[in-house]
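> Provided below: structure08.txt, containing compact mmCIF, C-alpha atoms.
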```txt
# COMPACT_ATOMS: atom_id res chain seq x y z
CA MET A 1 62.38 95.98 62.66
CA PRO A 2 63.31 93.87 59.61
CA VAL A 3 61.17 91.00 58.36
CA SER A 4 62.03 87.31 58.54
CA ALA A 5 63.72 85.52 55.65
CA ALA A 6 60.52 83.58 54.94
CA THR A 7 58.48 86.79 54.74
CA GLU A 8 61.08 88.42 52.49
CA THR A 9 60.89 85.37 50.20
CA LYS A 10 57.09 85.61 50.08
CA LEU A 11 57.33 89.30 49.19
CA ARG A 12 59.91 88.71 46.44
CA GLU A 13 57.83 85.88 44.94
CA ALA A 14 54.75 88.10 45.04
CA MET A 15 56.71 90.90 43.36
CA VAL A 16 57.82 88.56 40.56
CA ARG A 17 54.22 87.42 39.99
CA LEU A 18 52.86 90.96 39.94
CA LEU A 19 55.57 92.26 37.61
CA ALA A 20 55.02 89.27 35.30
CA GLY A 21 51.29 89.95 35.25
CA GLU A 22 50.48 86.59 36.84
CA PRO A 23 48.94 87.42 40.24
CA LEU A 24 47.30 84.74 42.33
CA HIS A 25 45.60 86.83 45.02
CA THR A 26 45.01 90.31 43.53
CA ASP A 27 43.76 92.13 40.46
CA GLY A 28 47.36 92.60 39.32
CA ALA A 29 47.63 96.37 39.82
CA LEU A 30 51.17 97.39 40.65
CA SER A 31 50.68 98.88 44.10
CA LYS A 32 52.28 98.28 47.48
CA GLU A 33 48.89 97.28 48.82
CA ASN A 34 48.62 94.59 46.16
CA LEU A 35 52.18 93.49 46.90
CA ALA A 36 51.12 92.87 50.50
CA ARG A 37 47.94 91.06 49.42
CA GLU A 38 49.77 88.98 46.84
CA ALA A 39 52.34 87.94 49.45
CA GLN A 40 49.54 87.47 51.97
CA VAL A 41 51.20 89.68 54.55
CA SER A 42 50.08 92.88 56.23
CA HIS A 43 50.61 96.29 54.67
CA ALA A 44 52.84 97.19 57.63
CA THR A 45 55.03 94.16 56.92
CA VAL A 46 55.72 95.45 53.40
CA HIS A 47 56.96 98.71 54.87
CA ARG A 48 59.25 96.90 57.29
CA ALA A 49 60.87 94.99 54.41
CA GLU A 50 63.06 97.91 53.38
CA ASP A 51 65.21 95.99 50.87
CA VAL A 52 62.21 94.52 49.08
CA LEU A 53 60.46 97.88 49.15
CA ALA A 54 63.47 99.65 47.63
CA GLU A 55 63.59 97.02 44.87
CA TRP A 56 59.85 97.43 44.29
CA ASP A 57 60.17 101.23 44.06
CA ALA A 58 63.00 100.88 41.55
CA LYS A 59 61.00 98.53 39.34
CA VAL A 60 57.67 100.29 39.66
CA ALA A 61 58.88 103.89 39.53
CA ARG A 62 56.86 104.63 36.40
CA PRO A 63 53.20 105.56 36.65
CA VAL A 64 50.77 102.81 35.82
CA LEU A 65 49.13 103.62 32.49
CA ARG A 66 45.57 102.70 31.77
CA THR A 67 44.53 101.08 28.54
CA PRO A 68 42.01 102.88 26.30
CA GLY A 69 39.40 100.34 27.39
CA GLU A 70 40.08 101.12 31.05
CA VAL A 71 39.87 104.86 30.36
CA GLN A 72 36.54 104.40 28.57
CA ARG A 73 35.26 102.19 31.39
CA ASP A 74 36.24 104.78 33.99
CA GLU A 75 34.58 107.57 32.00
CA THR A 76 31.42 105.49 31.66
CA ILE A 77 31.43 104.79 35.40
CA ALA A 78 31.89 108.51 36.15
CA ALA A 79 29.00 109.42 33.81
CA LEU A 80 26.75 106.77 35.37
CA ARG A 81 27.62 107.97 38.88
CA LYS A 82 26.67 111.52 37.86
CA LYS A 83 23.36 110.27 36.44
CA LEU A 84 22.72 108.37 39.66
CA ARG A 85 23.46 111.47 41.78
CA ASP A 86 21.11 113.54 39.61
CA ALA A 87 18.39 110.87 39.80
CA LYS A 88 18.72 110.67 43.59
CA ALA A 89 18.43 114.46 43.82
CA GLN A 90 15.30 114.34 41.63
CA VAL A 91 13.81 111.57 43.79
CA THR A 92 14.48 113.62 46.92
CA LEU A 93 12.78 116.65 45.37
CA VAL A 94 9.75 114.64 44.24
CA GLN A 95 9.52 112.90 47.63
CA GLY A 96 9.46 116.31 49.33
CA LYS A 97 6.63 117.42 47.06
CA LEU A 98 4.77 114.17 47.68
CA ASP A 99 5.11 114.60 51.44
CA ALA A 100 3.78 118.17 51.17
CA LEU A 101 0.82 116.99 49.09
CA ALA A 102 0.06 114.24 51.58
CA THR A 103 0.00 116.82 54.38
CA VAL A 104 -2.32 119.12 52.42
CA THR A 105 -4.59 116.18 51.55
CA ALA A 106 -4.78 115.11 55.19
CA ASN A 107 -5.65 118.67 56.25
CA LEU A 108 -8.33 118.96 53.55
CA TYR A 109 -9.78 115.60 54.59
CA ALA A 110 -9.94 116.72 58.22
CA GLU A 111 -11.62 120.00 57.20
CA ASN A 112 -14.08 118.12 54.98
CA GLN A 113 -14.99 115.77 57.83
CA ALA A 114 -15.49 118.72 60.17
CA LEU A 115 -17.71 120.50 57.60
CA LYS A 116 -19.79 117.35 57.06
CA LYS A 117 -20.28 117.05 60.80
CA THR A 118 -21.31 120.72 61.08
CA ARG A 119 -23.65 120.43 58.08
CA GLY A 120 -25.26 117.33 59.56
CA ARG A 121 -26.03 119.20 62.80
CA LYS A 122 -27.59 122.10 60.91
CA ARG A 123 -29.87 119.72 58.98
CA LEU A 124 -31.09 118.22 62.23
CA ALA A 125 -31.81 121.65 63.67
CA ILE A 126 -33.71 122.79 60.55
CA ALA A 127 -35.70 119.61 60.00
CA PRO A 128 -39.49 120.14 60.40
CA VAL A 129 -41.20 118.56 63.31
CA GLN A 130 -43.77 115.96 62.33
CA GLU A 131 -47.12 116.18 64.00
CA GLY A 132 -49.02 113.11 64.80
```
Please express what this file holds, its structure, as C-alpha cells.


Amino acid sequence: MPVSAATETKLREAMVRLLAGEPLHTDGALSKENLAREAQVSHATVHRAEDVLAEWDAKVARPVLRTPGEVQRDETIAALRKKLRDAKAQVTLVQGKLDALATVTANLYAENQALKKTRGRKRLAIAPVQEG
C-alpha cells in the first residue's frame, strides 16, 4: 500500500534535512528510524514508501562512521558500565554477608537472653533463706 503524496513529501523533506545534518526532530543519525521520526510518521509508513526508501538506501548505503570523540565516549561508557556491574556484584556479595551476620547476631542475642533467664532462675534457687 503506497503512501500519500503529502506523506511522501514529508519523508523527502526529512531526508534532505537529515542528509544535510540539519534535523529538527532527531539526533541526526542516518537511520530509517530517524527518517520516520524526522518526518513525524510511523516506522511502518517509511517502509510503505518504497520509492523514498530506495532513494534513502542509495544515499545512505555507506556505514555511518563515528568520530574519534564518539569512539572515546563509547569506550568510556562501556568502561563505566563494567565498573557499575562490578560494583553491583560487590554490593550483592556484601549484602549477603551482612544478612548472614544479622542472622547470626539475632541467634546469639536469643541464646544470650535464654542463658540470662536460666541463670536468673538458678540464682533464685541458690539464694539463702533469711531467718527472722

> Report as JSON the centre and the edge lengths, in Å to one decimal, of the axis-aligned box holding every listed atom of segment 86-100 of chain A, padded by 3 Å on each side.


```
{"center_x": 12.4, "center_y": 114.4, "center_z": 45.5, "size_x": 23.3, "size_y": 13.5, "size_z": 17.8}
```

> What's around Arg12 of chain A at 10 Å? Count only C-alpha atoms, leave out sequence neighbours fewer than 3 positions away in its own chain, and write the answer as a PDB file with C-alpha atoms, in the frame of the given file.


```pdb
ATOM      1  CA  ALA A   6      60.520  83.580  54.940  1.00  0.00           C
ATOM      2  CA  THR A   7      58.480  86.790  54.740  1.00  0.00           C
ATOM      3  CA  GLU A   8      61.080  88.420  52.490  1.00  0.00           C
ATOM      4  CA  THR A   9      60.890  85.370  50.200  1.00  0.00           C
ATOM      5  CA  MET A  15      56.710  90.900  43.360  1.00  0.00           C
ATOM      6  CA  VAL A  16      57.820  88.560  40.560  1.00  0.00           C
ATOM      7  CA  ARG A  17      54.220  87.420  39.990  1.00  0.00           C
ATOM      8  CA  LEU A  18      52.860  90.960  39.940  1.00  0.00           C
ATOM      9  CA  LEU A  35      52.180  93.490  46.900  1.00  0.00           C
ATOM     10  CA  ALA A  39      52.340  87.940  49.450  1.00  0.00           C
ATOM     11  CA  VAL A  52      62.210  94.520  49.080  1.00  0.00           C
ATOM     12  CA  LEU A  53      60.460  97.880  49.150  1.00  0.00           C
ATOM     13  CA  GLU A  55      63.590  97.020  44.870  1.00  0.00           C
ATOM     14  CA  TRP A  56      59.850  97.430  44.290  1.00  0.00           C
TER      15      TRP A  56
END
```

> Give the answer as one residue: which of A:Leu11, A:Leu115, A:Ala78, A:Ala20 has the shortest atom-to-atom distance to His47 of chain A, using only C-alpha atoms?

A:Leu11

> Using Å and a single decimal, report how far atom CA of Ala5 of chain A sits from atom CA of Ala61 of chain A.

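Taking atom CA of Ala61 of chain A as the start and atom CA of Ala5 of chain A as the end point, the length is 24.9 Å.
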
> Nearest residue to Asp57 of chain A out of A:Leu30, A:Val94, A:Ala89, A:Leu24, using only C-alpha atoms?

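Looking only at the distances to Asp57 of chain A, the closest residue turns out to be A:Leu30.
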
> I'd like the interatomic distance between atom CA of Val91 of chain A and atom CA of Val104 of chain A, to a tenth of an Å.

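Those two atoms sit 19.8 Å apart.
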
> Expressed in Å to a single decimal, how great is the separation between atom CA of Ser4 of chain A and atom CA of Ala29 of chain A?

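We find that atom CA of Ser4 of chain A and atom CA of Ala29 of chain A lie 25.3 Å from each other.
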
> Using all atoms listed in the file, find the one residue out of A:Leu98, A:Ala106, A:Ala14, A:Leu65 that sits nearest to Gln40 of chain A.

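Ranking A:Leu98, A:Ala106, A:Ala14, A:Leu65 by distance to Gln40 of chain A, first place goes to A:Ala14.
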
> Can you fill out segment 89-103 of chain A with N, CA, C and O atoms and hand it back as a PDB file, in the frame of the given file?


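Result saved to selection_4.pdb:
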```pdb
ATOM      1  N   ALA A  89      18.860 113.108  43.473  1.00  0.00           N
ATOM      2  CA  ALA A  89      18.430 114.460  43.820  1.00  0.00           C
ATOM      3  C   ALA A  89      17.000 114.687  43.358  1.00  0.00           C
ATOM      4  O   ALA A  89      16.185 115.284  44.076  1.00  0.00           O
ATOM      5  N   GLN A  90      16.666 114.212  42.159  1.00  0.00           N
ATOM      6  CA  GLN A  90      15.300 114.340  41.630  1.00  0.00           C
ATOM      7  C   GLN A  90      14.310 113.570  42.512  1.00  0.00           C
ATOM      8  O   GLN A  90      13.231 114.059  42.810  1.00  0.00           O
ATOM      9  N   VAL A  91      14.680 112.370  42.924  1.00  0.00           N
ATOM     10  CA  VAL A  91      13.810 111.570  43.790  1.00  0.00           C
ATOM     11  C   VAL A  91      13.574 112.290  45.107  1.00  0.00           C
ATOM     12  O   VAL A  91      12.446 112.338  45.617  1.00  0.00           O
ATOM     13  N   THR A  92      14.616 112.877  45.666  1.00  0.00           N
ATOM     14  CA  THR A  92      14.480 113.620  46.920  1.00  0.00           C
ATOM     15  C   THR A  92      13.530 114.794  46.757  1.00  0.00           C
ATOM     16  O   THR A  92      12.672 115.035  47.616  1.00  0.00           O
ATOM     17  N   LEU A  93      13.657 115.514  45.638  1.00  0.00           N
ATOM     18  CA  LEU A  93      12.780 116.650  45.370  1.00  0.00           C
ATOM     19  C   LEU A  93      11.329 116.187  45.227  1.00  0.00           C
ATOM     20  O   LEU A  93      10.416 116.752  45.847  1.00  0.00           O
ATOM     21  N   VAL A  94      11.107 115.151  44.445  1.00  0.00           N
ATOM     22  CA  VAL A  94       9.750 114.640  44.240  1.00  0.00           C
ATOM     23  C   VAL A  94       9.180 114.097  45.544  1.00  0.00           C
ATOM     24  O   VAL A  94       8.003 114.291  45.845  1.00  0.00           O
ATOM     25  N   GLN A  95       9.995 113.430  46.339  1.00  0.00           N
ATOM     26  CA  GLN A  95       9.520 112.900  47.630  1.00  0.00           C
ATOM     27  C   GLN A  95       9.095 114.037  48.543  1.00  0.00           C
ATOM     28  O   GLN A  95       8.092 113.934  49.239  1.00  0.00           O
ATOM     29  N   GLY A  96       9.844 115.141  48.525  1.00  0.00           N
ATOM     30  CA  GLY A  96       9.460 116.310  49.330  1.00  0.00           C
ATOM     31  C   GLY A  96       8.117 116.861  48.903  1.00  0.00           C
ATOM     32  O   GLY A  96       7.269 117.200  49.735  1.00  0.00           O
ATOM     33  N   LYS A  97       7.913 116.944  47.569  1.00  0.00           N
ATOM     34  CA  LYS A  97       6.630 117.420  47.060  1.00  0.00           C
ATOM     35  C   LYS A  97       5.503 116.454  47.436  1.00  0.00           C
ATOM     36  O   LYS A  97       4.404 116.873  47.809  1.00  0.00           O
ATOM     37  N   LEU A  98       5.768 115.181  47.327  1.00  0.00           N
ATOM     38  CA  LEU A  98       4.770 114.170  47.680  1.00  0.00           C
ATOM     39  C   LEU A  98       4.396 114.265  49.156  1.00  0.00           C
ATOM     40  O   LEU A  98       3.221 114.193  49.523  1.00  0.00           O
ATOM     41  N   ASP A  99       5.388 114.448  50.011  1.00  0.00           N
ATOM     42  CA  ASP A  99       5.110 114.600  51.440  1.00  0.00           C
ATOM     43  C   ASP A  99       4.255 115.836  51.706  1.00  0.00           C
ATOM     44  O   ASP A  99       3.322 115.805  52.519  1.00  0.00           O
ATOM     45  N   ALA A 100       4.565 116.943  50.997  1.00  0.00           N
ATOM     46  CA  ALA A 100       3.780 118.170  51.170  1.00  0.00           C
ATOM     47  C   ALA A 100       2.350 117.950  50.711  1.00  0.00           C
ATOM     48  O   ALA A 100       1.392 118.386  51.377  1.00  0.00           O
ATOM     49  N   LEU A 101       2.176 117.270  49.582  1.00  0.00           N
ATOM     50  CA  LEU A 101       0.820 116.990  49.090  1.00  0.00           C
ATOM     51  C   LEU A 101       0.054 116.081  50.034  1.00  0.00           C
ATOM     52  O   LEU A 101      -1.151 116.263  50.235  1.00  0.00           O
ATOM     53  N   ALA A 102       0.724 115.129  50.624  1.00  0.00           N
ATOM     54  CA  ALA A 102       0.060 114.240  51.580  1.00  0.00           C
ATOM     55  C   ALA A 102      -0.412 115.035  52.793  1.00  0.00           C
ATOM     56  O   ALA A 102      -1.517 114.803  53.310  1.00  0.00           O
ATOM     57  N   THR A 103       0.383 115.991  53.234  1.00  0.00           N
ATOM     58  CA  THR A 103       0.000 116.820  54.380  1.00  0.00           C
ATOM     59  C   THR A 103      -1.219 117.681  54.031  1.00  0.00           C
ATOM     60  O   THR A 103      -2.175 117.769  54.813  1.00  0.00           O
TER      61      THR A 103
END
```
